[in-house]
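Heads up: the structure comes next, in structure tokens.
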Amino acid sequence: MVLLQLDTFLNELTSMFEKSTEKGSIWVTLKQDVASLKSKAQRNKMRTVGSSIKYRCLVRATDGKKTISTSVGTKDHQRFQASYATILKAHMTALKKRERKDKKKAVGTDNKEGDLKKKPNKA
Amino acid sequence: MVYITSWDEFVEKSVQLFQADPESTRYSVKYRHCEGKLVLKVTDNRECLKFKTETAQDAKKMEKLNNIFFTLMARGPDADISEAAGKEQAEAQPTKKGRGRKQ
């Protein structure tokens with residue numbers, strides 16, 4: 001498990017996507033990573049006092065062989081979120097794009113086929 | 001494994017699951033380019049919710065869900081979900097601009 005800086009993680013994630021286009025999967029997992037400095041009991045005490053707990057988001061990515069991870073803090077999360085979304089949009093190109101135009105065309109061709117079938121029967 | 005067919009139901013249940021137990025709930029995404037499949041999973045190690053898709057339209061919805069989880073996890077489970085805030089901002093802006101020119 002390799003813990004990386006945010007930008008390094010994003011670069012590694014991009015190269016993982018590029019490598020696994022022909023075969024393989026990519027898993028990305030998000031989990032809350034509360035600063036492990038404090039134990040649960042102390043955390044509960046802090047919550048009742050009302051002090052701010054530093055929340056971090058742990059992001060892990062793997063291609064089945066190599067695993068990379070990074071921890072996103074409150075201040076970085078919007079920037080990371082935007083970059084992460086860009087990477088996903090750029091690489092998730094294999095998904096189907098359903099257009100209404102295709103459906104209409106399919107209905108049109110079906111009708112024509114139906115008419116053709118009916119005519120020879122009448123004759 | 002519970003596969004949920006409705007996107008909105010999946011989002012609502014997974015946010016509820018996270019807010020009930022933020023320390024053990026995790027959100028996973030699996031993408032297979034060769035098959036063009038995307039599978040989302042939210043679990044707290046007791047209950048598991050899954051959603052699978054092959055459409056780009058659902059991938060766009062997943063991006064919004066990503067934002068929700070990033071906000072919840074990085075700011076705390078009690079944080080206002082940015083989706084709601086985003087929509088409110090979008091509604092507020094047009095009203096502010098208005099049409100100043102009186103014809």
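Going through the structure tokens in order, the chains are called A, B, and so on, while each chain numbers its residues from 1 and the ligands are numbered from 1 in the order shown.
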For the interface of chain A with chain B (cut-off 10 Å, counting only C-alpha atoms), please tabulate each contacting residue of chain A alongside its nearest pair of atoms and their separation in Å to one decimal, rows sorted by chain and increasing number, as JSON lines.
```
{"residue": "A:Phe17", "atom": "CA", "partner": "B:His33", "partner_atom": "CA", "distance": 8.6}
{"residue": "A:Glu18", "atom": "CA", "partner": "B:His33", "partner_atom": "CA", "distance": 9.9}
{"residue": "A:Ser20", "atom": "CA", "partner": "B:His33", "partner_atom": "CA", "distance": 7.2}
{"residue": "A:Thr21", "atom": "CA", "partner": "B:His33", "partner_atom": "CA", "distance": 5.3}
{"residue": "A:Glu22", "atom": "CA", "partner": "B:Cys34", "partner_atom": "CA", "distance": 5.4}
{"residue": "A:Lys23", "atom": "CA", "partner": "B:Cys34", "partner_atom": "CA", "distance": 5.4}
{"residue": "A:Gly24", "atom": "CA", "partner": "B:Arg32", "partner_atom": "CA", "distance": 6.3}
{"residue": "A:Ser25", "atom": "CA", "partner": "B:Arg32", "partner_atom": "CA", "distance": 4.5}
{"residue": "A:Ile26", "atom": "CA", "partner": "B:Tyr31", "partner_atom": "CA", "distance": 5.2}
{"residue": "A:Trp27", "atom": "CA", "partner": "B:Lys30", "partner_atom": "CA", "distance": 4.4}
{"residue": "A:Val28", "atom": "CA", "partner": "B:Val29", "partner_atom": "CA", "distance": 5.1}
{"residue": "A:Thr29", "atom": "CA", "partner": "B:Ser28", "partner_atom": "CA", "distance": 4.1}
{"residue": "A:Leu30", "atom": "CA", "partner": "B:Tyr27", "partner_atom": "CA", "distance": 5.1}
{"residue": "A:Lys31", "atom": "CA", "partner": "B:Arg26", "partner_atom": "CA", "distance": 4.6}
{"residue": "A:Gln32", "atom": "CA", "partner": "B:Met73", "partner_atom": "CA", "distance": 5.0}
{"residue": "A:Asp33", "atom": "CA", "partner": "B:Glu23", "partner_atom": "CA", "distance": 7.7}
{"residue": "A:Val34", "atom": "CA", "partner": "B:Glu23", "partner_atom": "CA", "distance": 7.9}
{"residue": "A:Ser52", "atom": "CA", "partner": "B:Gly76", "partner_atom": "CA", "distance": 9.5}
{"residue": "A:Ile53", "atom": "CA", "partner": "B:Gly76", "partner_atom": "CA", "distance": 8.3}
{"residue": "A:Lys54", "atom": "CA", "partner": "B:Arg75", "partner_atom": "CA", "distance": 8.0}
{"residue": "A:Tyr55", "atom": "CA", "partner": "B:Ala74", "partner_atom": "CA", "distance": 5.1}
{"residue": "A:Arg56", "atom": "CA", "partner": "B:Ala74", "partner_atom": "CA", "distance": 4.8}
{"residue": "A:Cys57", "atom": "CA", "partner": "B:Ala74", "partner_atom": "CA", "distance": 5.1}
{"residue": "A:Leu58", "atom": "CA", "partner": "B:Met73", "partner_atom": "CA", "distance": 8.5}
{"residue": "A:Val59", "atom": "CA", "partner": "B:Phe70", "partner_atom": "CA", "distance": 9.5}
{"residue": "A:Arg60", "atom": "CA", "partner": "B:Ser28", "partner_atom": "CA", "distance": 9.1}
{"residue": "A:Ala61", "atom": "CA", "partner": "B:Val29", "partner_atom": "CA", "distance": 9.3}
{"residue": "A:Thr62", "atom": "CA", "partner": "B:Lys30", "partner_atom": "CA", "distance": 9.6}
{"residue": "A:Asp63", "atom": "CA", "partner": "B:Lys30", "partner_atom": "CA", "distance": 9.6}
{"residue": "A:Ser71", "atom": "CA", "partner": "B:Ala74", "partner_atom": "CA", "distance": 9.4}
{"residue": "A:Val72", "atom": "CA", "partner": "B:Ala74", "partner_atom": "CA", "distance": 6.8}
{"residue": "A:Gly73", "atom": "CA", "partner": "B:Ala74", "partner_atom": "CA", "distance": 5.7}
{"residue": "A:Thr74", "atom": "CA", "partner": "B:Ala74", "partner_atom": "CA", "distance": 4.8}
{"residue": "A:Lys75", "atom": "CA", "partner": "B:Ala74", "partner_atom": "CA", "distance": 8.4}
{"residue": "A:Asp76", "atom": "CA", "partner": "B:Ala74", "partner_atom": "CA", "distance": 8.8}
{"residue": "A:His77", "atom": "CA", "partner": "B:Ala74", "partner_atom": "CA", "distance": 6.5}
{"residue": "A:Gln78", "atom": "CA", "partner": "B:Thr71", "partner_atom": "CA", "distance": 8.1}
{"residue": "A:Phe80", "atom": "CA", "partner": "B:Phe70", "partner_atom": "CA", "distance": 9.1}
{"residue": "A:Gln81", "atom": "CA", "partner": "B:Asn67", "partner_atom": "CA", "distance": 6.6}
{"residue": "A:Ala82", "atom": "CA", "partner": "B:Asn67", "partner_atom": "CA", "distance": 8.8}
{"residue": "A:Tyr84", "atom": "CA", "partner": "B:Glu63", "partner_atom": "CA", "distance": 9.2}
{"residue": "A:Ala85", "atom": "CA", "partner": "B:Glu63", "partner_atom": "CA", "distance": 6.4}
{"residue": "A:Thr86", "atom": "CA", "partner": "B:Glu63", "partner_atom": "CA", "distance": 9.6}
{"residue": "A:Leu88", "atom": "CA", "partner": "B:Glu63", "partner_atom": "CA", "distance": 8.4}
{"residue": "A:Lys89", "atom": "CA", "partner": "B:Lys60", "partner_atom": "CA", "distance": 8.2}
{"residue": "A:His91", "atom": "CA", "partner": "B:His33", "partner_atom": "CA", "distance": 8.5}
{"residue": "A:Met92", "atom": "CA", "partner": "B:His33", "partner_atom": "CA", "distance": 7.1}
{"residue": "A:Thr93", "atom": "CA", "partner": "B:His33", "partner_atom": "CA", "distance": 7.7}
{"residue": "A:Ala94", "atom": "CA", "partner": "B:Gly36", "partner_atom": "CA", "distance": 4.7}
{"residue": "A:Leu95", "atom": "CA", "partner": "B:Gly36", "partner_atom": "CA", "distance": 4.8}
{"residue": "A:Lys96", "atom": "CA", "partner": "B:Thr55", "partner_atom": "CA", "distance": 4.5}
{"residue": "A:Lys97", "atom": "CA", "partner": "B:Ala56", "partner_atom": "CA", "distance": 5.4}
{"residue": "A:Arg98", "atom": "CA", "partner": "B:Thr55", "partner_atom": "CA", "distance": 7.2}
```
If you run DSSP on this backbone, which residues of range 14-88 of chain B come out as helix (DSSP H, G or I), and could you give them as a PyMOL selection string? chain B and resi 14-20+56-75+82-88
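Between Thr14 in chain A and the candidates A:Gly64, A:Ser69, A:Met1, A:Ile87, the tightest atom-to-atom separation, counting only C-alpha atoms, involves A:Ile87.
We find CA of Phe51 in chain B and CA of Ala90 in chain A to be spaced 21.4 Å apart.
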